[in-house]
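This is final.txt. It holds compact mmCIF, C-alpha atoms.
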```
# COMPACT_ATOMS: atom_id res chain seq x y z
CA MET A 16 124.57 107.79 61.25
CA SER A 17 121.29 107.40 62.92
CA ASN A 18 119.76 104.21 64.16
CA LEU A 19 116.46 105.16 62.68
CA SER A 20 115.32 103.14 59.74
CA THR A 21 112.02 102.65 58.03
CA VAL A 22 110.33 99.95 56.08
CA LYS A 23 109.30 100.84 52.61
CA HIS A 24 105.71 101.54 51.69
CA GLY A 25 104.15 98.40 50.25
CA GLY A 26 102.70 99.52 46.97
CA PRO A 27 104.07 101.69 44.20
CA LEU A 28 103.13 105.33 44.41
CA SER A 29 100.55 106.03 41.75
CA HIS A 30 99.91 109.36 40.17
CA GLY A 31 96.67 111.13 40.80
CA GLN A 32 96.20 110.38 44.49
CA PRO A 33 92.64 110.82 45.66
CA PRO A 34 91.97 114.18 47.23
CA SER A 35 90.92 112.50 50.48
CA ILE A 36 94.43 111.29 51.13
CA LEU A 37 95.06 110.88 54.80
CA GLN A 38 97.73 112.84 56.63
CA HIS A 39 99.74 109.80 57.62
CA GLU A 40 99.74 108.66 54.02
CA ILE A 41 101.57 111.84 53.09
CA VAL A 42 104.20 110.97 55.67
CA GLU A 43 104.40 107.44 54.35
CA ILE A 44 104.96 108.84 50.88
CA LEU A 45 107.50 111.36 52.16
CA LEU A 46 109.46 108.73 54.00
CA ASP A 47 108.73 106.11 51.38
CA ALA A 48 107.99 103.78 54.25
CA GLU A 49 105.10 102.59 56.31
CA ARG A 50 106.91 101.77 59.52
CA ILE A 51 109.47 103.53 61.66
CA GLN A 52 112.03 101.45 63.48
CA LEU A 53 113.51 102.61 66.72
CA ASN A 54 116.54 100.50 67.47
CA GLN A 55 117.47 101.70 70.94
CA PHE A 56 114.92 99.88 73.01
CA LEU A 57 115.69 97.06 75.36
CA SER A 58 114.88 93.55 74.30
CA SER A 59 111.94 91.74 75.75
CA THR A 60 114.20 89.17 77.39
CA ASP A 61 115.70 91.41 79.99
CA ASP A 62 113.84 94.68 80.00
CA ALA A 63 112.01 93.73 83.15
CA ASP A 64 115.33 93.85 84.99
CA GLU A 65 116.78 96.75 83.08
CA THR A 66 114.00 99.27 83.35
CA MET A 67 113.77 101.78 86.14
CA PRO A 68 111.48 100.79 88.97
CA VAL A 69 108.83 103.36 88.23
CA SER A 70 105.20 102.71 88.95
CA ALA A 71 103.18 101.63 85.92
CA CYS A 72 106.19 100.41 83.95
CA VAL A 73 105.44 98.66 80.66
CA SER A 74 107.56 96.23 78.70
CA VAL A 75 108.91 97.21 75.32
CA ARG A 76 107.52 94.06 73.74
CA ASP A 77 104.04 95.48 74.23
CA LEU A 78 104.76 98.73 72.44
CA ASP A 79 104.76 97.57 68.85
CA THR A 80 101.16 98.46 68.22
CA PRO A 81 99.00 101.09 69.90
CA ALA A 82 96.46 98.43 70.81
CA SER A 83 98.98 96.24 72.60
CA ALA A 84 100.50 99.33 74.21
CA GLN A 85 97.10 100.37 75.51
CA ALA A 86 96.50 96.94 76.96
CA ALA A 87 99.97 96.96 78.51
CA VAL A 88 99.38 100.38 80.03
CA GLU A 89 96.17 99.22 81.63
CA ARG A 90 97.87 96.09 82.98
CA ALA A 91 100.76 98.12 84.32
CA ARG A 92 98.44 100.59 85.99
CA GLU A 93 96.47 97.76 87.57
CA ARG A 94 99.72 96.24 88.85
CA ALA A 95 100.80 99.60 90.24
CA ALA A 96 97.42 100.13 91.90
CA ARG A 97 97.61 96.64 93.38
CA ARG A 98 101.10 97.35 94.71
CA ARG A 99 99.88 100.61 96.19
CA ARG A 100 96.94 98.86 97.84
CA MET A 101 99.21 96.17 99.24
CA GLY A 102 101.59 98.82 100.48
CA MET A 103 98.82 100.75 102.15
CA THR A 104 97.43 97.57 103.68
CA ALA A 105 100.83 96.61 105.02
CA LEU A 106 101.31 100.11 106.36
CA GLY A 107 97.90 100.01 108.01
CA CYS A 108 98.62 96.63 109.58
CA GLY A 109 101.95 97.93 110.81
CA LEU A 110 100.35 100.98 112.34
CA VAL A 111 97.65 98.90 114.04
CA LEU A 112 100.28 96.54 115.41
CA LEU A 113 102.37 99.47 116.59
CA ALA A 114 99.35 101.04 118.25
CA ALA A 115 98.48 97.76 119.94
CA VAL A 116 101.99 97.34 121.28
CA ALA A 117 102.12 100.95 122.40
CA SER A 118 98.77 100.74 124.16
CA PHE A 119 99.83 97.53 125.86
CA LEU A 120 103.04 99.12 127.09
CA VAL A 121 101.32 102.31 128.16
CA GLY A 122 98.62 100.29 129.89
CA GLN A 123 101.23 98.42 131.83
CA GLN A 124 102.72 101.72 132.93
CA VAL A 125 99.47 103.43 133.68
CA GLN A 126 97.54 100.66 135.39
CA PRO A 127 99.70 100.44 138.51
CA ALA A 128 99.79 104.19 138.68
CA ALA A 129 96.03 104.35 138.46
CA ALA A 130 95.68 101.68 141.07
CA ALA A 131 98.00 103.54 143.33
CA SER A 132 96.54 106.95 142.72
CA SER A 133 95.25 108.64 145.82
CA TRP A 134 91.79 109.95 146.28
CA ARG A 135 89.71 111.13 149.10
CA VAL A 136 86.38 112.75 149.75
CA LEU A 137 86.79 116.40 150.59
CA GLN A 138 83.25 117.24 151.49
CA VAL A 139 79.71 116.03 151.26
CA ASN A 140 77.22 118.27 149.49
CA PRO A 141 73.43 117.94 149.33
CA ASP A 142 73.64 116.41 145.83
CA GLY A 143 76.80 114.39 146.13
CA VAL A 144 80.41 114.53 147.22
CA VAL A 145 83.54 116.27 146.08
CA VAL A 146 86.41 113.88 145.54
CA LYS A 147 90.03 114.89 145.29
CA VAL A 148 91.85 112.65 142.83
CA GLY A 149 95.49 113.54 142.56
CA SER A 150 95.55 117.28 142.28
CA SER A 151 92.08 117.72 140.84
CA GLN A 152 88.71 117.89 142.49
CA VAL A 153 85.88 115.94 140.94
CA PRO A 154 82.25 116.21 141.98
CA VAL A 155 80.38 112.91 142.16
CA ILE A 156 76.64 113.14 142.38
CA VAL A 157 74.41 110.58 144.03
CA GLY A 158 74.20 107.54 141.78
CA GLY A 159 77.63 108.22 140.36
CA ILE A 160 80.70 106.05 140.71
CA LEU A 161 83.44 106.82 143.18
CA PRO A 162 87.10 106.35 142.20
CA ASP A 163 87.21 102.99 143.95
CA GLY A 164 84.41 101.74 141.75
CA GLN A 165 81.66 101.86 144.32
CA ARG A 166 78.41 103.62 143.61
CA LEU A 167 77.47 106.61 145.69
CA LEU A 168 74.06 105.69 147.06
CA SER A 169 73.16 108.58 149.31
CA VAL A 170 74.57 111.57 151.09
CA ASP A 171 73.83 113.43 154.27
CA ALA A 172 75.33 116.85 153.86
CA GLN A 173 74.40 117.99 157.32
CA ARG A 174 76.26 115.18 159.02
CA GLN A 175 78.87 114.87 156.25
CA ILE A 176 78.07 111.24 155.64
CA TYR A 177 77.91 109.40 152.35
CA SER A 178 76.87 105.84 151.68
CA THR A 179 78.04 103.19 149.26
CA PRO A 180 76.76 99.60 148.96
CA LEU A 181 79.57 98.46 151.22
CA GLN A 182 79.86 101.15 153.79
CA ASP A 183 78.67 104.42 155.23
CA VAL A 184 81.40 106.96 155.67
CA ARG A 185 81.58 110.13 157.62
CA VAL A 186 83.86 112.78 156.34
CA ARG A 187 85.87 114.62 158.94
CA PRO A 188 88.08 117.61 158.53
CA GLN A 189 91.39 116.33 157.20
CA VAL A 190 94.42 116.86 159.35
CA ASN A 191 97.04 115.25 157.17
CA SER A 192 95.49 114.23 153.90
CA ASP A 193 98.61 112.91 152.25
CA ALA A 194 99.18 110.40 154.98
CA MET A 195 95.94 108.69 154.12
CA ALA A 196 96.30 108.61 150.40
CA GLY A 197 94.32 105.97 148.61
CA VAL A 198 91.88 105.46 151.42
CA PRO A 199 88.82 107.48 152.28
CA ALA A 200 90.69 108.49 155.39
CA GLN A 201 87.78 109.83 157.25
CA ALA A 202 85.86 106.71 156.73
CA THR A 203 84.96 104.21 159.25
CA PRO A 204 82.98 101.31 157.88
CA ALA A 205 79.50 101.22 159.19
CA THR A 206 79.65 97.50 159.44
CA ALA A 207 82.88 97.60 161.34
CA ALA A 208 81.52 99.26 164.40
CA PRO A 209 78.21 100.40 165.75
CA ALA A 210 77.29 104.03 165.83
CA THR A 211 78.35 105.25 169.16
CA GLN A 212 79.13 108.89 168.91
CA GLY A 213 76.54 111.14 167.43
CA GLY A 214 75.96 108.95 164.50
CA GLN A 215 79.44 109.16 163.21
CA ILE A 216 79.02 105.71 161.83
CA GLU A 217 75.65 104.47 160.86
CA MET B 29 121.90 113.98 62.52
CA SER B 30 119.68 111.07 61.84
CA ASP B 31 118.89 109.74 58.46
CA VAL B 32 116.28 107.44 57.11
CA ARG B 33 117.25 104.00 55.95
CA THR B 34 114.76 102.08 53.91
CA THR B 35 114.51 98.57 52.72
CA GLU B 36 112.74 98.14 49.44
CA GLY B 37 110.69 95.44 47.80
CA HIS B 38 110.14 93.26 50.84
CA THR B 39 106.93 91.59 51.82
CA ALA B 40 105.68 91.67 55.37
CA GLU B 41 106.99 88.14 56.00
CA ALA B 42 110.36 89.08 54.68
CA ARG B 43 110.42 92.09 56.91
CA GLN B 44 109.58 89.95 59.89
CA GLN B 45 112.42 87.60 59.03
CA GLU B 46 114.66 90.58 58.70
CA LEU B 47 113.70 91.83 62.11
CA ALA B 48 113.91 88.50 63.84
CA PRO B 49 117.70 88.34 64.25
CA MET B 50 117.74 91.77 65.83
CA ASP B 51 115.29 90.60 68.43
CA ARG B 52 117.94 88.36 69.87
CA PRO B 53 120.43 89.68 72.40
CA LEU B 54 123.04 91.62 70.44
CA ASP B 55 126.11 91.27 72.57
CA SER B 56 125.50 89.08 75.55
CA ALA B 57 129.23 88.55 76.04
CA SER B 58 129.99 92.22 76.50
CA GLY B 59 127.23 92.69 79.03
CA LYS B 60 125.74 95.58 77.12
CA PRO B 61 121.98 95.93 77.15
CA HIS B 62 120.10 93.76 74.73
CA LEU B 63 118.32 95.87 72.20
CA ARG B 64 115.46 95.21 69.92
CA PRO B 65 113.97 97.37 67.22
CA LEU B 66 110.66 98.88 68.02
CA SER B 67 108.73 98.98 64.78
CA LEU B 68 106.03 101.61 64.83
CA SER B 69 103.41 101.89 62.15
CA ILE B 70 103.05 105.37 60.68
CA ARG B 71 99.40 104.64 60.10
CA GLU B 72 98.63 103.27 63.56
CA HIS B 73 100.50 106.07 65.28
CA ASN B 74 98.87 108.56 62.94
CA ILE B 75 102.08 110.42 62.10
CA CYS B 76 101.14 113.49 60.12
CA PHE B 77 104.10 115.80 60.58
CA VAL B 78 107.82 115.23 60.16
CA VAL B 79 110.74 117.41 61.16
CA PRO B 80 113.36 116.18 58.71
CA ALA B 81 116.86 115.28 59.70
CA GLY B 82 119.06 118.35 59.52
CA ALA B 83 116.15 120.75 59.91
CA ARG B 84 115.94 123.16 62.82
CA ILE B 85 112.47 124.45 63.59
CA ASP B 86 111.86 127.10 66.21
CA ALA B 87 108.10 127.15 66.49
CA THR B 88 105.93 128.98 68.95
CA ARG B 89 103.14 126.45 68.77
CA LEU B 90 102.21 123.54 66.54
CA ASP B 91 98.66 122.24 66.74
CA LEU B 92 98.64 118.98 64.84
CA PRO B 93 95.72 116.76 63.94
CA GLY B 94 97.94 113.68 64.24
CA GLY B 95 101.29 112.58 65.58
CA ILE B 96 104.76 113.97 64.93
CA LEU B 97 108.09 112.41 63.99
CA VAL B 98 111.11 114.49 64.92
CA LEU B 99 114.30 113.62 63.08
CA GLY B 100 115.92 117.04 63.32
CA ALA B 101 115.75 119.74 65.97
CA LEU B 102 112.48 121.21 67.15
CA ARG B 103 111.78 123.80 69.77
CA GLY B 104 108.34 124.99 70.81
CA GLN B 105 104.95 123.85 71.97
CA VAL B 106 103.49 120.89 70.15
CA PHE B 107 100.00 119.56 70.65
CA CYS B 108 98.99 116.37 68.88
CA SER B 109 95.25 115.83 69.09
CA HIS B 110 95.70 112.24 67.92
CA GLY B 111 98.60 109.91 67.43
CA SER B 112 102.05 109.62 68.91
CA ALA B 113 105.09 111.83 69.19
CA ILE B 114 108.35 110.17 68.19
CA ILE B 115 111.71 111.79 68.82
CA ALA B 116 114.17 109.64 66.92
CA ALA B 117 117.81 109.00 67.64
CA GLY B 118 119.88 112.05 66.80
CA ALA B 119 116.90 114.35 67.09
CA GLU B 120 116.49 117.01 69.73
CA PHE B 121 113.39 118.53 71.23
CA GLN B 122 112.98 121.43 73.59
CA GLY B 123 109.68 122.78 74.84
CA GLU B 124 106.35 121.15 75.53
CA ILE B 125 104.80 118.27 73.70
CA GLU B 126 101.53 116.53 74.30
CA ALA B 127 100.42 113.41 72.45
CA CYS B 128 98.64 110.14 73.06
CA ASP B 129 101.93 108.23 73.36
CA ILE B 130 105.53 109.46 73.32
CA TYR B 131 108.61 107.57 72.15
CA VAL B 132 112.04 109.08 72.68
CA GLU B 133 115.37 107.86 71.37
CA GLY B 134 117.04 111.24 71.04
CA LYS B 135 117.46 114.22 73.34
CA VAL B 136 114.92 116.23 75.23
CA THR B 137 116.57 119.28 76.69
CA SER B 138 115.43 122.26 78.69
CA PRO B 139 116.55 125.86 78.31
CA LYS B 140 119.53 126.53 80.53
CA ASN B 141 118.44 129.94 81.73
CA ALA B 142 114.73 129.33 81.99
CA SER B 143 112.87 128.44 85.11
CA ARG B 144 110.51 126.20 83.18
CA VAL B 145 111.78 122.81 82.05
CA SER B 146 110.58 120.99 78.98
CA ARG B 147 107.49 118.92 79.42
CA LEU B 148 106.37 115.70 77.79
CA ARG B 149 102.82 114.59 78.34
CA ALA B 150 101.53 111.23 77.12
CA ARG B 151 97.89 111.65 77.93
CA GLY B 152 96.47 108.52 76.29
CA THR B 153 93.29 108.39 74.30
CA THR B 154 89.72 108.64 75.41
CA PRO B 155 87.36 106.95 73.01
CA GLU B 156 83.90 108.40 72.88
CA GLY B 157 82.00 107.10 75.86
CA GLY B 158 84.87 104.87 76.88
CA ALA B 159 87.56 104.86 79.51
CA LYS B 160 90.96 106.41 78.95
CA SER B 161 93.59 104.08 77.55
CA GLY B 162 97.19 104.18 76.39
CA GLY B 163 99.39 107.07 77.42
CA VAL B 164 102.83 105.48 77.49
CA ALA B 165 106.11 107.36 77.51
CA ALA B 166 108.86 105.05 76.25
CA PHE B 167 112.56 105.87 76.11
CA GLY B 168 115.50 104.30 74.37
CA VAL B 169 118.68 103.35 76.16
CA GLN B 170 120.62 106.28 74.72
CA SER B 171 117.96 108.90 75.26
CA ILE B 172 118.95 111.97 77.21
CA VAL B 173 116.09 113.60 79.01
CA HIS B 174 115.90 116.76 81.04
CA ALA B 175 112.19 117.31 81.32
CA HIS B 176 109.07 116.86 83.33
CA ILE B 177 107.41 113.74 81.96
CA GLN B 178 103.77 113.01 82.55
CA ALA B 179 102.37 109.71 81.37
CA ARG B 180 99.96 107.00 82.35
CA ALA B 181 102.74 104.42 82.11
CA PHE B 182 106.47 104.42 81.43
CA HIS B 183 109.14 102.37 79.75
CA VAL B 184 112.39 103.77 81.07
CA PRO B 185 115.64 101.81 80.73
CA ARG B 186 118.24 102.22 83.43
CA GLN B 187 120.83 103.11 80.81
CA ALA B 188 118.95 106.23 79.72
CA ASN B 189 120.23 109.55 80.99
CA PHE B 190 117.42 110.67 83.22
CA LYS B 191 119.37 112.52 85.85
CA ALA B 192 117.40 115.71 85.47
CA ALA B 193 113.97 114.31 84.72
CA VAL B 194 110.82 114.23 86.73
CA MET B 195 108.38 111.43 86.02
CA GLU B 196 104.77 111.75 86.99
CA VAL B 197 102.07 109.14 86.56
CA ILE B 198 98.84 110.81 85.54
CA GLU B 199 95.27 109.59 85.43
```
Show me, as structure tokens, the structure contained in the file I just sent.
Amino acid sequence: MSNLSTVKHGGPLSHGQPPSILQHEIVEILLDAERIQLNQFLSSTDDADETMPVSACVSVRDLDTPASAQAAVERARERAARRRRMGMTALGCGLVLLAAVASFLVGQQVQPAAAASSWRVLQVNPDGVVVKVGSSQVPVIVGGILPDGQRLLSVDAQRQIYSTPLQDVRVRPQVNSDAMAGVPAQATPATAAPATQGGQIE
Amino acid sequence: MSDVRTTEGHTAEARQQELAPMDRPLDSASGKPHLRPLSLSIREHNICFVVPAGARIDATRLDLPGGILVLGALRGQVFCSHGSAIIAAGAEFQGEIEACDIYVEGKVTSPKNASRVSRLRARGTTPEGGAKSGGVAAFGVQSIVHAHIQARAFHVPRQANFKAAVMEVIE
């Protein structure tokens, strides 16, 4: 025995139906009913808890008429879209927070390392100097910034001297470069002592 | 197989009164799901084709101007240009069906030895010059579904057998 039942067509079936009879009217006549009842749907009282958590889920109480079903579908889709937007926003906020924490942690690791990184001037060229930072060599032209943050003001390639706002430095052939890491080893501040030997310090 | 029960000589108010008791929880003590009848208008859902109870139709393709009511067994491709597809309790469908809205109380199966599963598509309606609306796929608590279901919105009870179904929300 099926659960399907129908409600009888309202009026008596008259002979001589008009030729423009609609298709659904034929079905109504065939079934002798104008409504179809489906008895296996959850009640409106608890279907919110009993339906699967799918996106765009509608309540059975809205399905009685196509118009109410359409409105329910649109509401459900709006709810689903709102949930998706909220989810994406939360995910975005989480990622930003994670990135901020990661950058903070990495910065804490990197900053001391950067501060402690060694550099020295290898040679003075006519247009600037060549600086060795770590294992790489970086050219710095006049007007550029040295690794210690000072601006390179001028160079004298012939005498292997370069100038910054704070000091003039003469570059000498390096004997043991690693021992002087972090300091322009060849440098002697111009302000620290007068030039005494061939303009080593100016 | 399903059959059709009718009630005769009732006015609309009387029918409403008749339906009202069923809208209450049926067996709250037993903890079974509370059911309510879903009363669908043949006119509003534009049902124009019926597979009677006890009938078995193996169709290649059905192009229908309106909706379809399946009370028996139907296999094939069904396209409803308007209206809803209703697979009643006791009915079985296998194949592809596309309609504005789809209501399933019975079984939707897929061929055992075929790579392609059955497909239900509730595409909704697009009024001329308007935005798309509707497109719900609703299932009864005793429905058994092994299919790929595409719809704009779903009503799927937890009690339904959906272990082999794929649900896809479409635009």
Mind checking which residues fall within 12 Å of region 78-81 of chain B, counting all atoms listed in the file, ignoring those fewer than 2 positions away in the same chain, and posting them as a PyMOL selection string? (chain A and resi 16-17+19+38-39+41-46+51) or (chain B and resi 29-33+70+74-76+83-87+90+92+94-103+112-121)
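One distance worth recording is that between CA of Ala71 (chain A) and CA of Arg149 (chain B), which is 15.0 Å.
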Can you work out which one of A:Ile160, A:Ile36, A:Val146, A:Val73 has the shortest atom-to-atom distance to chain B, counting all atoms listed in the file? A:Val73
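One distance worth recording is that between CA of Phe190 (chain B) and CA of Ser171 (chain B), which is 8.2 Å.
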Compute the distance from (101.3, 102.1, 91.8) to each atom, counting all atoms listed in the file, keep the residues with any atom at most 12 Å away, and return them as a PyMOL selection string; use the coordinates of the file. (chain A and resi 68-72+89-103) or (chain B and resi 180-182+196-199)
For a cutoff of 7 Å around the file-coordinate point (118.5, 109.8, 73.9), which residues qualify once you count all atoms listed in the file? I'd like the result as JSON, numbers by chain. {"B": [117, 132, 133, 134, 135, 168, 169, 170, 171, 172, 173, 188]}
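Going from CA of Val136 (chain B) to CA of Arg89 (chain B) covers 16.9 Å.
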For Gln178 (chain B), work out the shell of residues within 12 Å, counting only C-alpha atoms and skipping chain neighbours fewer than 5 positions away, then give it as a PDB file with C-alpha atoms, in the frame of the given file.
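Written out: part.pdb:
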```pdb
ATOM      1  CA  ALA A  71     103.180 101.630  85.920  1.00  0.00           C
TER       2      ALA A  71
ATOM      3  CA  GLU B 124     106.350 121.150  75.530  1.00  0.00           C
ATOM      4  CA  ILE B 125     104.800 118.270  73.700  1.00  0.00           C
ATOM      5  CA  GLU B 126     101.530 116.530  74.300  1.00  0.00           C
ATOM      6  CA  ALA B 127     100.420 113.410  72.450  1.00  0.00           C
ATOM      7  CA  CYS B 128      98.640 110.140  73.060  1.00  0.00           C
ATOM      8  CA  ASP B 129     101.930 108.230  73.360  1.00  0.00           C
ATOM      9  CA  ILE B 130     105.530 109.460  73.320  1.00  0.00           C
ATOM     10  CA  SER B 146     110.580 120.990  78.980  1.00  0.00           C
ATOM     11  CA  ARG B 147     107.490 118.920  79.420  1.00  0.00           C
ATOM     12  CA  LEU B 148     106.370 115.700  77.790  1.00  0.00           C
ATOM     13  CA  ARG B 149     102.820 114.590  78.340  1.00  0.00           C
ATOM     14  CA  ALA B 150     101.530 111.230  77.120  1.00  0.00           C
ATOM     15  CA  ARG B 151      97.890 111.650  77.930  1.00  0.00           C
ATOM     16  CA  GLY B 152      96.470 108.520  76.290  1.00  0.00           C
ATOM     17  CA  GLY B 163      99.390 107.070  77.420  1.00  0.00           C
ATOM     18  CA  VAL B 164     102.830 105.480  77.490  1.00  0.00           C
ATOM     19  CA  ALA B 165     106.110 107.360  77.510  1.00  0.00           C
ATOM     20  CA  ALA B 166     108.860 105.050  76.250  1.00  0.00           C
ATOM     21  CA  ALA B 193     113.970 114.310  84.720  1.00  0.00           C
ATOM     22  CA  VAL B 194     110.820 114.230  86.730  1.00  0.00           C
ATOM     23  CA  MET B 195     108.380 111.430  86.020  1.00  0.00           C
ATOM     24  CA  GLU B 196     104.770 111.750  86.990  1.00  0.00           C
ATOM     25  CA  VAL B 197     102.070 109.140  86.560  1.00  0.00           C
ATOM     26  CA  ILE B 198      98.840 110.810  85.540  1.00  0.00           C
ATOM     27  CA  GLU B 199      95.270 109.590  85.430  1.00  0.00           C
TER      28      GLU B 199
END
```
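Closest to Val139 (chain A) among A:Val157, A:Leu120, A:Leu106, A:Ala114 is A:Val157, based on only C-alpha atoms.
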Between B:His62, B:His174, B:Lys160, B:Arg144, single out the one closest to chain A, counting all atoms listed in the file. B:His62
Once you add 4 Å to each side, what are the centre and edge lengths of the axis-aligned box holding all listed atoms of region 88-96 of chain B? One decimal in Å, as lines of an AutoDock Vina configuration file, if you can.
```
center_x = 100.8
center_y = 120.8
center_z = 66.4
size_x = 18.2
size_y = 24.4
size_z = 13.0
```
Would you mind telling me which residue in B:Thr154, B:Lys191, B:Val184, B:Ala159 lies nearest to chain A when using all atoms listed in the file? B:Val184
Which residues are near Asp91 (chain B)? Cut-off 10 Å, only C-alpha atoms, ignore same chain within fewer than 6 positions. Put them as a ChimeraX atom specification. /B:105-109,126
